>>> print(open('input08.txt').read())   # compact mmCIF, C-alpha atoms and all ligand atoms
# COMPACT_ATOMS: atom_id res chain seq x y z
CA MET A 1 148.49 4.85 160.58
CA ASN A 2 147.18 7.97 158.90
CA LEU A 3 148.95 11.29 158.68
CA THR A 4 146.78 13.02 161.29
CA THR A 5 147.60 10.44 163.93
CA LYS A 6 151.28 10.63 163.07
CA ILE A 7 151.37 14.43 163.38
CA PHE A 8 149.51 14.21 166.65
CA ILE A 9 152.01 11.71 168.03
CA GLY A 10 154.82 13.99 166.84
CA LEU A 11 153.30 16.92 168.76
CA ILE A 12 152.77 15.01 172.00
CA LEU A 13 156.20 13.36 171.88
CA GLY A 14 157.80 16.73 171.17
CA ALA A 15 156.08 18.29 174.18
CA ILE A 16 157.02 15.41 176.48
CA VAL A 17 160.64 15.28 175.35
CA GLY A 18 160.98 19.07 175.55
CA LEU A 19 159.49 19.28 179.03
CA THR A 20 161.42 16.32 180.41
CA LEU A 21 164.75 17.64 179.15
CA HIS A 22 163.93 21.12 180.41
CA PHE A 23 163.61 19.85 183.96
CA THR A 24 166.09 16.97 184.05
CA ALA A 25 168.91 17.80 181.64
CA PRO A 26 168.96 21.42 180.49
CA ASP A 27 172.49 21.11 179.07
CA LEU A 28 171.61 18.09 177.03
CA PHE A 29 168.56 19.98 175.84
CA THR A 30 170.69 22.86 174.56
CA GLN A 31 172.84 20.43 172.60
CA LEU A 32 169.94 18.49 171.20
CA ASP A 33 168.07 21.67 170.39
CA THR A 34 170.98 23.10 168.42
CA TYR A 35 171.68 19.96 166.43
CA VAL A 36 168.38 18.10 166.24
CA PHE A 37 165.14 19.81 167.32
CA SER A 38 165.62 23.28 165.86
CA PRO A 39 167.05 22.07 162.54
CA LEU A 40 164.23 19.54 162.19
CA GLY A 41 161.63 22.21 162.84
CA THR A 42 163.33 24.80 160.65
CA VAL A 43 163.64 22.45 157.69
CA PHE A 44 159.92 21.71 157.89
CA LEU A 45 159.03 25.37 158.29
CA ASN A 46 161.23 26.37 155.37
CA LEU A 47 159.77 23.63 153.20
CA ILE A 48 156.23 24.92 153.62
CA LYS A 49 157.19 28.58 153.59
CA MET A 50 158.90 27.92 150.27
CA LEU A 51 155.49 27.23 148.77
CA VAL A 52 153.50 30.08 150.30
CA VAL A 53 154.16 32.89 147.80
CA PRO A 54 153.77 30.76 144.65
CA ILE A 55 150.67 29.06 146.07
CA VAL A 56 148.99 32.33 146.92
CA PHE A 57 149.76 33.70 143.48
CA PHE A 58 148.71 30.63 141.49
CA SER A 59 145.67 29.77 143.54
CA ILE A 60 144.17 33.24 143.86
CA THR A 61 144.77 34.00 140.19
CA LEU A 62 143.20 30.69 139.26
CA GLY A 63 140.38 31.10 141.75
CA THR A 64 139.51 34.58 140.49
CA ALA A 65 139.79 33.53 136.86
CA SER A 66 137.58 30.49 137.36
CA LEU A 67 134.94 32.47 139.23
CA GLY A 68 134.90 34.44 136.02
CA ASP A 69 132.10 36.83 136.42
CA PRO A 70 133.09 39.88 138.51
CA LYS A 71 129.61 39.91 140.04
CA LYS A 72 130.15 36.44 141.47
CA LEU A 73 133.56 37.49 142.71
CA GLY A 74 132.03 40.52 144.40
CA ARG A 75 129.36 38.39 146.01
CA ILE A 76 131.85 35.84 147.34
CA GLY A 77 134.19 38.62 148.45
CA GLY A 78 131.35 40.36 150.28
CA LYS A 79 130.25 37.19 152.06
CA THR A 80 133.81 36.33 152.99
CA ILE A 81 134.63 39.70 154.46
CA GLY A 82 131.24 39.86 156.18
CA PHE A 83 131.86 36.49 157.80
CA PHE A 84 135.34 37.55 158.92
CA LEU A 85 134.17 40.80 160.48
CA ILE A 86 131.20 39.30 162.29
CA SER A 87 133.07 36.28 163.61
CA THR A 88 135.98 38.41 164.82
CA THR A 89 133.60 40.75 166.63
CA ILE A 90 131.91 37.79 168.32
CA ALA A 91 135.35 36.44 169.25
CA ILE A 92 136.38 39.61 171.09
CA ALA A 93 133.00 39.92 172.75
CA ILE A 94 133.40 36.39 174.14
CA ALA A 95 136.97 37.15 175.22
CA ILE A 96 136.09 40.38 177.01
CA SER A 97 133.03 38.94 178.74
CA LEU A 98 134.96 35.94 179.98
CA ALA A 99 137.80 38.13 181.22
CA PHE A 100 135.30 40.28 183.14
CA ILE A 101 133.74 37.23 184.74
CA VAL A 102 136.94 35.41 185.69
CA GLN A 103 139.01 38.53 186.45
CA PRO A 104 142.41 37.02 185.66
CA GLY A 105 144.16 40.31 186.47
CA ASN A 106 143.08 40.45 190.09
CA ILE A 107 146.29 38.85 191.28
CA ASP A 108 149.10 39.83 193.46
CA ILE A 109 151.70 41.13 191.04
CA ASP A 110 153.54 44.37 191.03
CA PRO A 111 153.52 45.82 187.54
CA SER A 112 155.89 48.66 188.36
CA GLY A 113 158.97 46.84 187.08
CA ALA A 114 157.40 45.91 183.77
CA GLU A 115 159.21 47.24 180.75
CA TYR A 116 158.25 46.78 177.16
CA GLU A 117 159.54 48.56 174.16
CA SER A 118 156.66 48.79 171.77
CA GLN A 119 157.26 48.59 168.07
CA GLU A 120 155.56 50.95 165.74
CA ALA A 121 152.30 49.38 164.54
CA PRO A 122 151.23 50.53 161.06
CA SER A 123 148.27 52.88 160.99
CA VAL A 124 144.93 51.71 159.69
CA VAL A 125 144.97 54.05 156.69
CA GLU A 126 148.47 52.89 155.80
CA THR A 127 147.36 49.28 155.92
CA PHE A 128 144.57 49.98 153.46
CA THR A 129 146.46 52.12 150.96
CA ASN A 130 149.35 49.68 150.98
CA ILE A 131 147.15 46.90 149.66
CA ILE A 132 147.91 47.94 146.07
CA PRO A 133 151.53 47.05 145.33
CA THR A 134 153.56 49.57 143.38
CA ASN A 135 155.88 46.75 142.47
CA PRO A 136 154.37 43.25 142.44
CA ILE A 137 157.73 41.52 142.18
CA GLN A 138 158.91 43.33 145.28
CA ALA A 139 155.71 42.30 147.05
CA MET A 140 156.53 38.70 146.25
CA VAL A 141 160.14 39.04 147.32
CA GLU A 142 159.06 40.54 150.63
CA GLY A 143 156.18 38.09 151.03
CA ASN A 144 153.67 40.91 151.48
CA MET A 145 150.50 38.83 151.47
CA LEU A 146 147.83 41.48 150.99
CA GLN A 147 149.74 42.96 148.06
CA ILE A 148 150.26 39.57 146.44
CA ILE A 149 146.55 38.84 146.88
CA ALA A 150 145.58 42.17 145.27
CA PHE A 151 147.91 41.61 142.31
CA SER A 152 146.68 38.05 141.80
CA ILE A 153 143.05 39.16 141.83
CA PHE A 154 143.83 41.68 139.08
CA ILE A 155 145.61 39.08 136.95
CA GLY A 156 142.77 36.59 137.54
CA LEU A 157 140.18 39.17 136.51
CA ALA A 158 142.09 39.95 133.34
CA LEU A 159 142.39 36.27 132.49
CA ALA A 160 138.64 35.83 132.97
CA MET A 161 137.88 38.81 130.75
CA LEU A 162 140.35 37.91 128.01
CA GLY A 163 139.19 34.28 127.85
CA LYS A 164 140.41 32.56 124.70
CA LYS A 165 143.13 35.13 124.04
CA THR A 166 145.06 34.13 127.17
CA GLU A 167 144.33 30.41 127.18
CA GLY A 168 148.04 29.64 127.22
CA ILE A 169 148.76 31.56 130.39
CA MET A 170 145.65 30.15 132.02
CA LYS A 171 146.94 26.63 131.34
CA LEU A 172 150.32 27.60 132.72
CA ILE A 173 148.76 28.86 135.94
CA GLU A 174 146.60 25.75 136.24
CA GLN A 175 149.63 23.57 135.86
CA GLY A 176 151.64 25.72 138.26
CA ASN A 177 148.92 25.16 140.80
CA GLU A 178 149.04 21.39 140.23
CA ILE A 179 152.78 21.41 140.87
CA MET A 180 152.31 23.31 144.13
CA MET A 181 149.61 20.97 145.37
CA TYR A 182 151.76 17.97 144.54
CA LEU A 183 154.61 19.48 146.55
CA VAL A 184 152.33 20.17 149.53
CA ASN A 185 151.42 16.49 149.60
CA LEU A 186 155.05 15.52 149.47
CA ILE A 187 156.10 17.91 152.23
CA MET A 188 153.28 16.84 154.51
CA LYS A 189 154.93 13.43 154.81
CA PHE A 190 157.61 15.20 156.81
CA ALA A 191 155.10 17.00 159.04
CA PRO A 192 155.17 14.58 162.01
CA TYR A 193 158.95 15.02 162.35
CA GLY A 194 158.72 18.76 161.85
CA ALA A 195 155.99 19.05 164.47
CA PHE A 196 158.09 17.00 166.89
CA GLY A 197 161.12 19.27 166.38
CA LEU A 198 159.16 22.51 166.68
CA LEU A 199 157.37 21.44 169.85
CA ALA A 200 160.43 19.96 171.55
CA SER A 201 162.37 23.12 170.83
CA ALA A 202 159.65 25.55 171.94
CA ILE A 203 158.51 23.74 175.08
CA GLY A 204 162.05 22.72 176.03
CA SER A 205 163.29 26.29 176.00
CA MET A 206 160.38 27.89 177.80
CA GLY A 207 159.40 25.13 180.21
CA LEU A 208 156.58 26.39 182.37
CA ASP A 209 158.27 29.68 183.25
CA GLY A 210 155.83 32.32 184.29
CA ALA A 211 153.00 29.93 183.64
CA GLN A 212 151.93 29.79 187.27
CA ALA A 213 151.42 33.49 187.85
CA MET A 214 149.70 33.83 184.53
CA LEU A 215 147.66 30.68 184.90
CA MET A 216 144.34 32.49 185.05
CA TYR A 217 145.16 34.66 182.06
CA MET A 218 146.14 31.59 180.07
CA PHE A 219 143.05 29.79 181.20
CA VAL A 220 140.77 32.61 180.06
CA VAL A 221 142.45 32.90 176.64
CA ILE A 222 142.29 29.16 176.05
CA ALA A 223 138.71 28.89 177.30
CA ALA A 224 137.63 31.73 175.01
CA LEU A 225 139.41 30.07 172.07
CA ILE A 226 137.59 26.82 172.75
CA ILE A 227 134.20 28.48 173.26
CA HIS A 228 134.54 30.50 170.07
CA GLY A 229 135.69 27.44 168.11
CA ALA A 230 132.95 25.17 169.40
CA VAL A 231 130.04 27.59 169.56
CA THR A 232 130.63 30.18 166.85
CA TYR A 233 132.30 27.96 164.26
CA GLY A 234 130.25 24.98 165.36
CA SER A 235 126.99 26.77 164.62
CA ALA A 236 128.29 28.45 161.47
CA VAL A 237 129.49 25.17 159.99
CA THR A 238 126.40 23.22 161.02
CA LEU A 239 123.69 25.78 160.34
CA LEU A 240 125.10 27.82 157.47
CA GLY A 241 127.59 25.34 156.03
CA LYS A 242 125.25 22.32 156.45
CA MET A 243 128.14 20.14 157.48
CA ASN A 244 128.57 17.88 160.48
CA PHE A 245 130.93 19.75 162.79
CA ILE A 246 132.76 16.61 163.86
CA LYS A 247 133.40 15.75 160.24
CA PHE A 248 134.69 19.30 159.76
CA LEU A 249 137.06 19.04 162.72
CA LYS A 250 138.31 15.62 161.67
CA GLY A 251 138.96 16.72 158.13
CA PHE A 252 140.71 19.91 159.13
CA PHE A 253 142.65 18.54 162.10
CA PRO A 254 146.00 18.04 160.29
CA ALA A 255 146.02 21.73 159.36
CA MET A 256 145.17 22.69 162.95
CA THR A 257 148.14 20.73 164.27
CA VAL A 258 150.47 22.30 161.71
CA GLY A 259 149.10 25.73 162.65
CA PHE A 260 149.75 24.87 166.27
CA SER A 261 153.34 23.80 165.71
CA THR A 262 154.30 26.60 163.33
CA SER A 263 152.36 29.49 164.98
CA SER A 264 151.88 30.95 161.54
CA SER A 265 148.69 31.16 159.52
CA SER A 266 150.63 32.06 156.38
CA SER A 267 152.97 29.14 156.64
CA THR A 268 150.11 26.75 157.25
CA LEU A 269 148.15 28.02 154.25
CA PRO A 270 149.24 25.33 151.77
CA ILE A 271 148.07 22.63 154.18
CA SER A 272 144.84 24.43 155.18
CA MET A 273 143.86 24.71 151.54
CA LYS A 274 144.68 21.10 150.78
CA GLN A 275 142.56 19.86 153.71
CA ALA A 276 139.62 22.12 152.87
CA GLN A 277 139.61 21.07 149.22
CA GLU A 278 140.21 17.38 149.72
CA LYS A 279 138.51 16.62 153.02
CA LEU A 280 135.82 19.27 153.38
CA GLY A 281 134.84 19.34 149.72
CA VAL A 282 135.25 23.10 149.33
CA PRO A 283 135.46 23.85 145.58
CA LYS A 284 138.93 24.98 144.53
CA PRO A 285 137.96 28.47 143.32
CA ILE A 286 136.29 29.24 146.68
CA SER A 287 139.02 27.77 148.84
CA SER A 288 141.66 29.54 146.73
CA PHE A 289 139.98 32.83 147.31
CA VAL A 290 138.71 32.62 150.90
CA GLN A 291 141.61 30.91 152.67
CA PRO A 292 144.60 33.01 151.55
CA LEU A 293 142.58 36.12 152.33
CA GLY A 294 141.60 34.67 155.70
CA ALA A 295 145.14 33.65 156.57
CA THR A 296 146.07 37.29 156.08
CA ILE A 297 143.22 39.27 157.57
CA ASN A 298 141.04 36.96 159.64
CA MET A 299 142.49 36.29 163.08
CA ASP A 300 139.84 35.48 165.63
CA GLY A 301 142.31 33.78 167.95
CA THR A 302 144.52 36.84 167.92
CA ALA A 303 141.56 39.10 168.63
CA ILE A 304 140.63 36.88 171.58
CA MET A 305 144.11 37.17 173.04
CA GLN A 306 144.01 40.93 172.57
CA GLY A 307 140.62 41.23 174.23
CA VAL A 308 141.60 39.17 177.25
CA ALA A 309 145.02 40.84 177.48
CA THR A 310 143.50 44.31 177.49
CA VAL A 311 141.09 43.51 180.30
CA PHE A 312 143.86 41.65 182.14
CA ILE A 313 146.25 44.59 181.94
CA ALA A 314 143.52 47.02 183.00
CA GLN A 315 142.86 44.85 186.05
CA VAL A 316 146.53 44.53 186.95
CA TYR A 317 146.91 48.30 186.79
CA SER A 318 143.59 48.73 188.64
CA THR A 319 142.06 50.77 185.85
CA ASP A 320 138.35 50.55 185.19
CA LEU A 321 137.29 50.30 181.58
CA SER A 322 134.20 52.29 180.69
CA MET A 323 131.60 51.03 178.24
CA SER A 324 132.87 53.34 175.51
CA GLN A 325 136.41 52.14 176.13
CA ILE A 326 135.23 48.56 175.77
CA MET A 327 133.60 49.44 172.44
CA MET A 328 136.89 51.03 171.43
CA VAL A 329 138.75 47.85 172.35
CA ILE A 330 136.38 45.80 170.20
CA LEU A 331 136.78 48.11 167.24
CA THR A 332 140.56 48.40 167.44
CA ALA A 333 141.02 44.71 168.10
CA VAL A 334 139.04 43.91 164.92
CA LEU A 335 141.26 46.29 162.99
CA ALA A 336 144.40 45.05 164.72
CA SER A 337 143.59 41.49 163.87
CA ILE A 338 143.10 42.47 160.22
CA GLY A 339 146.47 44.19 160.27
CA THR A 340 148.22 41.32 162.03
CA ALA A 341 150.41 39.37 159.66
CA GLY A 342 150.04 35.61 159.81
CA VAL A 343 153.44 35.01 161.32
CA PRO A 344 154.49 34.14 164.88
CA GLY A 345 154.13 36.73 167.59
CA VAL A 346 152.76 39.66 165.61
CA GLY A 347 149.50 39.62 167.54
CA LEU A 348 151.39 40.79 170.59
CA ILE A 349 152.96 43.70 168.72
CA MET A 350 149.54 44.78 167.48
CA LEU A 351 148.24 44.62 171.04
CA ALA A 352 150.21 47.84 171.65
CA MET A 353 147.85 49.59 169.26
CA VAL A 354 144.78 48.41 171.19
CA LEU A 355 146.27 49.43 174.54
CA ASN A 356 147.21 52.84 173.19
CA GLN A 357 143.67 53.45 172.00
CA VAL A 358 142.32 53.14 175.52
CA SER A 359 145.35 54.72 177.22
CA LEU A 360 146.47 51.61 179.05
CA PRO A 361 150.20 51.23 179.74
CA VAL A 362 151.91 49.40 176.89
CA GLU A 363 154.47 48.11 179.42
CA GLY A 364 151.74 45.73 180.56
CA ILE A 365 152.67 43.58 177.57
CA ALA A 366 155.83 42.60 179.43
CA LEU A 367 153.65 40.71 181.91
CA ILE A 368 152.25 38.34 179.33
CA ILE A 369 155.14 38.07 176.90
CA GLY A 370 156.62 35.06 178.68
CA ILE A 371 153.72 32.80 177.96
CA ASP A 372 152.75 34.25 174.63
CA ARG A 373 154.63 31.66 172.63
CA LEU A 374 152.32 28.92 173.86
CA LEU A 375 149.19 30.98 173.38
CA ASP A 376 150.38 31.97 169.92
CA MET A 377 150.31 28.30 168.97
CA ALA A 378 146.77 27.86 170.23
CA ARG A 379 145.39 31.04 168.68
CA THR A 380 146.99 30.34 165.30
CA SER A 381 145.15 27.00 165.23
CA LEU A 382 141.90 28.84 165.78
CA ASN A 383 142.78 31.55 163.26
CA ILE A 384 143.06 29.10 160.40
CA THR A 385 140.04 27.09 161.54
CA GLY A 386 137.97 30.27 161.15
CA ASP A 387 139.13 30.61 157.55
CA ALA A 388 138.15 27.03 156.80
CA ALA A 389 134.75 27.49 158.48
CA CYS A 390 134.18 30.55 156.32
CA ALA A 391 135.17 28.61 153.18
CA VAL A 392 132.66 25.88 154.05
CA VAL A 393 129.89 28.42 154.63
CA VAL A 394 130.60 30.38 151.44
CA ALA A 395 130.75 27.13 149.43
CA GLU A 396 127.36 26.04 150.75
CA THR A 397 125.64 29.38 150.12
CA GLU A 398 127.09 29.51 146.61
CA LYS A 399 125.56 26.11 145.92
CA LYS A 400 122.14 27.58 146.56
CA HIS A 401 122.91 30.38 144.16
CA GLU A 402 123.87 27.99 141.46
CA LYS A 403 120.73 25.96 142.04
CA SER A 404 118.45 28.97 141.82
CA ASN A 405 120.28 30.07 138.67
CA GLU A 406 119.66 26.68 137.13
CA GLU A 407 116.03 26.74 138.17
CA ARG A 408 115.61 30.14 136.59
CA MET A 409 117.19 28.89 133.40
CA TYR A 410 114.84 25.93 133.12
CA ALA A 411 111.74 27.71 134.30
N1 LIG B 1 150.72 33.83 164.88
C1 LIG B 1 149.42 34.29 164.52
C2 LIG B 1 149.05 33.76 163.17
O1 LIG B 1 149.88 33.55 162.32
C3 LIG B 1 149.32 35.78 164.54
C4 LIG B 1 149.47 36.26 165.96
O2 LIG B 1 148.46 36.29 166.68
O3 LIG B 1 150.58 36.57 166.38
O4 LIG B 1 147.91 33.48 162.92
>>> encode(input="input08.txt", output="structure tokens", more="lines below")
Ligand code: ASP
Amino acid sequence: MNLTTKIFIGLILGAIVGLTLHFTAPDLFTQLDTYVFSPLGTVFLNLIKMLVVPIVFFSITLGTASLGDPKKLGRIGGKTIGFFLISTTIAIAIAISLAFIVQPGNIDIDPSGAEYESQEAPSVVETFTNIIPTNPIQAMVEGNMLQIIAFSIFIGLALAMLGKKTEGIMKLIEQGNEIMMYLVNLIMKFAPYGAFGLLASAIGSMGLDGAQAMLMYMFVVIAALIIHGAVTYGSAVTLLGKMNFIKFLKGFFPAMTVGFSTSSSSSTLPISMKQAQEKLGVPKPISSFVQPLGATINMDGTAIMQGVATVFIAQVYSTDLSMSQIMMVILTAVLASIGTAGVPGVGLIMLAMVLNQVSLPVEGIALIIGIDRLLDMARTSLNITGDAACAVVVAETEKKHEKSNEERMYA
């Protein structure tokens, strides 16, 4: 049996066990959760999280250094960010349109009791200026992804420029990267058990609470996630990436299941990169550059949730959104999804920023918080799939570049 099948079985078994215990033996569930499910899930999560900071550092440094020429780096960076922005905008547009058609918020609930204490979301300017770390070691200690990425790009650039002079360090980084990739392979053997523990624990503790009232909202979010995945990524991968979409999905599936069970793009990064490099044939320098960046700033699934949630909350509070407000939602949701860290639940915190922009009550978040855990799993899966789709597209378009370079050389 291959790893993908095993992880899948782990997920399904986890969901069944969690749900059954939730309804038949809640006390037994609490015991089992404390001593078996949670520890199993946490050990797996910690194992992969352990690798995230070193992997991002080694792989981005190596990726930047092996791209070498700053022009090429700029071109790949431009394409990557372009892809992220366009796909996220399409994602919210799909989400908002679907929410307007289905009208999930036209239900009989009284929002007056809703209470939600919003956390301060960082401002857009702050997010941008903070990209440069004043202390790279601190950035690593705190796991500040954007800062680690910025630092690694600088080191990689320097290595590329210094060439022979820094051969030793380059070797060291190459070997560091090998060690990390070896460890990812090792840890993935534990993934089926980890996925089982995480799912049993999550589903067992939430059951289907609140799911009924919010059924339509959930349905719209999930439908938009599926449409965006199938249509937007499907056409990007097939048309721009020249790859069979089924082959893409098959190759990337293990990462999607890990994203689903961990609800964290950052934590899933080591596995996403491994799958893209080994199964989708994305060259290491491109995968090392595109995917860590994507796991940090590209969150189409999160943007979809925010789009649907905004329309949903407007409908619950019987507020009409004007066209300019809708444009505002699209703009802020793109920015919010860039600012959302790839860890569980942050998308919901950033939703406060979107709601504030269009003067909708932030308390509305209380209505959807109960089922957000489940949706977080689904949107994280989509978030990382978008990064992989982008990597495939960038890899393909770079091939053309290399070919035309060669042709020019031999002409
Ligand atoms: N959990 C999501 C991720 O890591 C972010 C979010 O939407 O909360 O991709």
>>> residues_near_ligand(input="input08.txt", ligand="ligand LIG 1 (chain B)", cutoff="8 Å", atoms="only C-alpha atoms and all ligand atoms", output="PDB file with C-alpha atoms, in the frame of the given file")
ATOM      1  CA  GLY A 259     149.100  25.730 162.650  1.00  0.00           C
ATOM      2  CA  SER A 263     152.360  29.490 164.980  1.00  0.00           C
ATOM      3  CA  SER A 264     151.880  30.950 161.540  1.00  0.00           C
ATOM      4  CA  SER A 265     148.690  31.160 159.520  1.00  0.00           C
ATOM      5  CA  SER A 266     150.630  32.060 156.380  1.00  0.00           C
ATOM      6  CA  SER A 267     152.970  29.140 156.640  1.00  0.00           C
ATOM      7  CA  ALA A 295     145.140  33.650 156.570  1.00  0.00           C
ATOM      8  CA  MET A 299     142.490  36.290 163.080  1.00  0.00           C
ATOM      9  CA  GLY A 301     142.310  33.780 167.950  1.00  0.00           C
ATOM     10  CA  THR A 302     144.520  36.840 167.920  1.00  0.00           C
ATOM     11  CA  ALA A 303     141.560  39.100 168.630  1.00  0.00           C
ATOM     12  CA  MET A 305     144.110  37.170 173.040  1.00  0.00           C
ATOM     13  CA  SER A 337     143.590  41.490 163.870  1.00  0.00           C
ATOM     14  CA  THR A 340     148.220  41.320 162.030  1.00  0.00           C
ATOM     15  CA  ALA A 341     150.410  39.370 159.660  1.00  0.00           C
ATOM     16  CA  GLY A 342     150.040  35.610 159.810  1.00  0.00           C
ATOM     17  CA  VAL A 343     153.440  35.010 161.320  1.00  0.00           C
ATOM     18  CA  PRO A 344     154.490  34.140 164.880  1.00  0.00           C
ATOM     19  CA  GLY A 345     154.130  36.730 167.590  1.00  0.00           C
ATOM     20  CA  VAL A 346     152.760  39.660 165.610  1.00  0.00           C
ATOM     21  CA  GLY A 347     149.500  39.620 167.540  1.00  0.00           C
ATOM     22  CA  LEU A 348     151.390  40.790 170.590  1.00  0.00           C
ATOM     23  CA  ILE A 349     152.960  43.700 168.720  1.00  0.00           C
ATOM     24  CA  ASP A 376     150.380  31.970 169.920  1.00  0.00           C
ATOM     25  CA  MET A 377     150.310  28.300 168.970  1.00  0.00           C
ATOM     26  CA  ARG A 379     145.390  31.040 168.680  1.00  0.00           C
ATOM     27  CA  THR A 380     146.990  30.340 165.300  1.00  0.00           C
ATOM     28  CA  SER A 381     145.150  27.000 165.230  1.00  0.00           C
ATOM     29  CA  ASN A 383     142.780  31.550 163.260  1.00  0.00           C
ATOM     30  CA  ILE A 384     143.060  29.100 160.400  1.00  0.00           C
TER      31      ILE A 384
END
>>> residues_around(input="input08.txt", residues="Val102 in chain A", least_positions_apart="5", cutoff="12 Å", atoms="only C-alpha atoms", output="MDAnalysis selection string")
chainID A and resid 95:97 107 215:221 223:224 308 311:312 315
>>> residues_around(input="input08.txt", residues="Tyr233 in chain A", least_positions_apart="5", cutoff="10 Å", atoms="all atoms listed in the file", output="PyMOL selection string")
chain A and resi 87+227-228+238-241+245+382+385-390+393
>>> atom_distance(input="input08.txt", atom1="CA of Thr88 in chain A", atom2="CA of Asp300 in chain A")
4.9 Å
>>> atom_distance(input="input08.txt", atom1="CA of Val392 in chain A", atom2="CA of Ile330 in chain A")
25.9 Å
>>> closest_residue(input="input08.txt", among="A:Pro254, A:Pro192, A:Gly370, A:Pro292", to="Ala391 in chain A", atoms="only C-alpha atoms")
A:Pro292
>>> closest_residue(input="input08.txt", among="A:Thr232, A:Thr262, A:Asn106, A:Asn2", to="Phe44 in chain A", atoms="only C-alpha atoms")
A:Thr262
>>> atom_distance(input="input08.txt", atom1="CA of Lys71 in chain A", atom2="CA of Ala160 in chain A")
12.2 Å
>>> residues_around(input="input08.txt", residues="range 177-180 of chain A", least_positions_apart="5", cutoff="7 Å", atoms="all atoms listed in the file", output="NGL selection string")
:A and (51 or 55 or 58-59)
>>> write_last_selection(input="input08.txt", atoms="C-alpha atoms", output="short mmCIF file (atom, residue, chain, number, x, y, z; two decimals), in the frame of the given file")
data_model
loop_
_atom_site.label_atom_id
_atom_site.label_comp_id
_atom_site.auth_asym_id
_atom_site.auth_seq_id
_atom_site.Cartn_x
_atom_site.Cartn_y
_atom_site.Cartn_z
CA LEU A 51 155.49 27.23 148.77
CA ILE A 55 150.67 29.06 146.07
CA PHE A 58 148.71 30.63 141.49
CA SER A 59 145.67 29.77 143.54
#
>>> residues_around(input="input08.txt", residues="Val43 in chain A", least_positions_apart="4", cutoff="12 Å", atoms="all atoms listed in the file", output="list in words")
Val36, Phe37, Ser38, Pro39, Leu47, Ile48, Lys49, Met50, Ile187, Phe190, Ala191, Tyr193, Gly194, Ala195, Gly197, Leu198 and Thr262 of chain A
>>> closest_residue(input="input08.txt", among="A:Ile153, A:Ile92, A:Val282, A:Leu3", to="Ala336 in chain A", atoms="all atoms listed in the file")
A:Ile92
>>> axis_aligned_box(input="input08.txt", around="range 172-177 of chain A", padding_each_side="5 Å", output="JSON")
{"center_x": 149.1, "center_y": 26.2, "center_z": 136.8, "size_x": 15.0, "size_y": 15.3, "size_z": 18.1}
>>> closest_residue(input="input08.txt", among="A:Ser235, A:Gln291, A:Thr257, A:Thr89", to="Leu269 in chain A", atoms="all atoms listed in the file")
A:Gln291
>>> closest_residue(input="input08.txt", among="A:Met353, A:Ala93, A:Val141, A:Ala202", to="Ile326 in chain A", atoms="all atoms listed in the file")
A:Ala93
>>> residues_around(input="input08.txt", residues="Ile369 in chain A", least_positions_apart="2", cutoff="10 Å", atoms="only C-alpha atoms", output="VMD selection string")
chain A and resid 116 210 345 348 364 to 367 371 to 373 375
>>> closest_residue(input="input08.txt", among="A:Val258, A:Val237, A:Ile246, A:Val394", to="Gly82 in chain A", atoms="all atoms listed in the file")
A:Val394
>>> build_atoms(input="input08.txt", residues="range 352-362 of chain A", atoms="N, CA and C atoms", output="mmCIF file, keeping the file's coordinate frame")
data_model
loop_
_atom_site.group_PDB
_atom_site.id
_atom_site.type_symbol
_atom_site.label_atom_id
_atom_site.label_comp_id
_atom_site.auth_asym_id
_atom_site.auth_seq_id
_atom_site.Cartn_x
_atom_site.Cartn_y
_atom_site.Cartn_z
ATOM 1 N N ALA A 352 149.796 46.492 171.233
ATOM 2 C CA ALA A 352 150.210 47.840 171.650
ATOM 3 C C ALA A 352 149.226 48.883 171.111
ATOM 4 N N MET A 353 148.776 48.644 169.880
ATOM 5 C CA MET A 353 147.850 49.590 169.260
ATOM 6 C C MET A 353 146.518 49.632 170.041
ATOM 7 N N VAL A 354 146.041 48.463 170.443
ATOM 8 C CA VAL A 354 144.780 48.410 171.190
ATOM 9 C C VAL A 354 144.942 49.123 172.543
ATOM 10 N N LEU A 355 146.042 48.823 173.223
ATOM 11 C CA LEU A 355 146.270 49.430 174.540
ATOM 12 C C LEU A 355 146.368 50.944 174.440
ATOM 13 N N ASN A 356 147.074 51.395 173.397
ATOM 14 C CA ASN A 356 147.210 52.840 173.190
ATOM 15 C C ASN A 356 145.866 53.524 173.018
ATOM 16 N N GLN A 357 144.987 52.879 172.271
ATOM 17 C CA GLN A 357 143.670 53.450 172.000
ATOM 18 C C GLN A 357 142.907 53.773 173.266
ATOM 19 N N VAL A 358 143.089 52.910 174.298
ATOM 20 C CA VAL A 358 142.320 53.140 175.520
ATOM 21 C C VAL A 358 143.229 53.610 176.659
ATOM 22 N N SER A 359 144.387 54.145 176.267
ATOM 23 C CA SER A 359 145.350 54.720 177.220
ATOM 24 C C SER A 359 145.744 53.787 178.353
ATOM 25 N N LEU A 360 145.931 52.521 178.036
ATOM 26 C CA LEU A 360 146.470 51.610 179.050
ATOM 27 C C LEU A 360 147.981 51.527 178.833
ATOM 28 N N PRO A 361 148.743 51.254 179.899
ATOM 29 C CA PRO A 361 150.200 51.230 179.740
ATOM 30 C C PRO A 361 150.656 50.062 178.852
ATOM 31 N N VAL A 362 151.405 50.414 177.814
ATOM 32 C CA VAL A 362 151.910 49.400 176.890
ATOM 33 C C VAL A 362 152.896 48.450 177.585
#
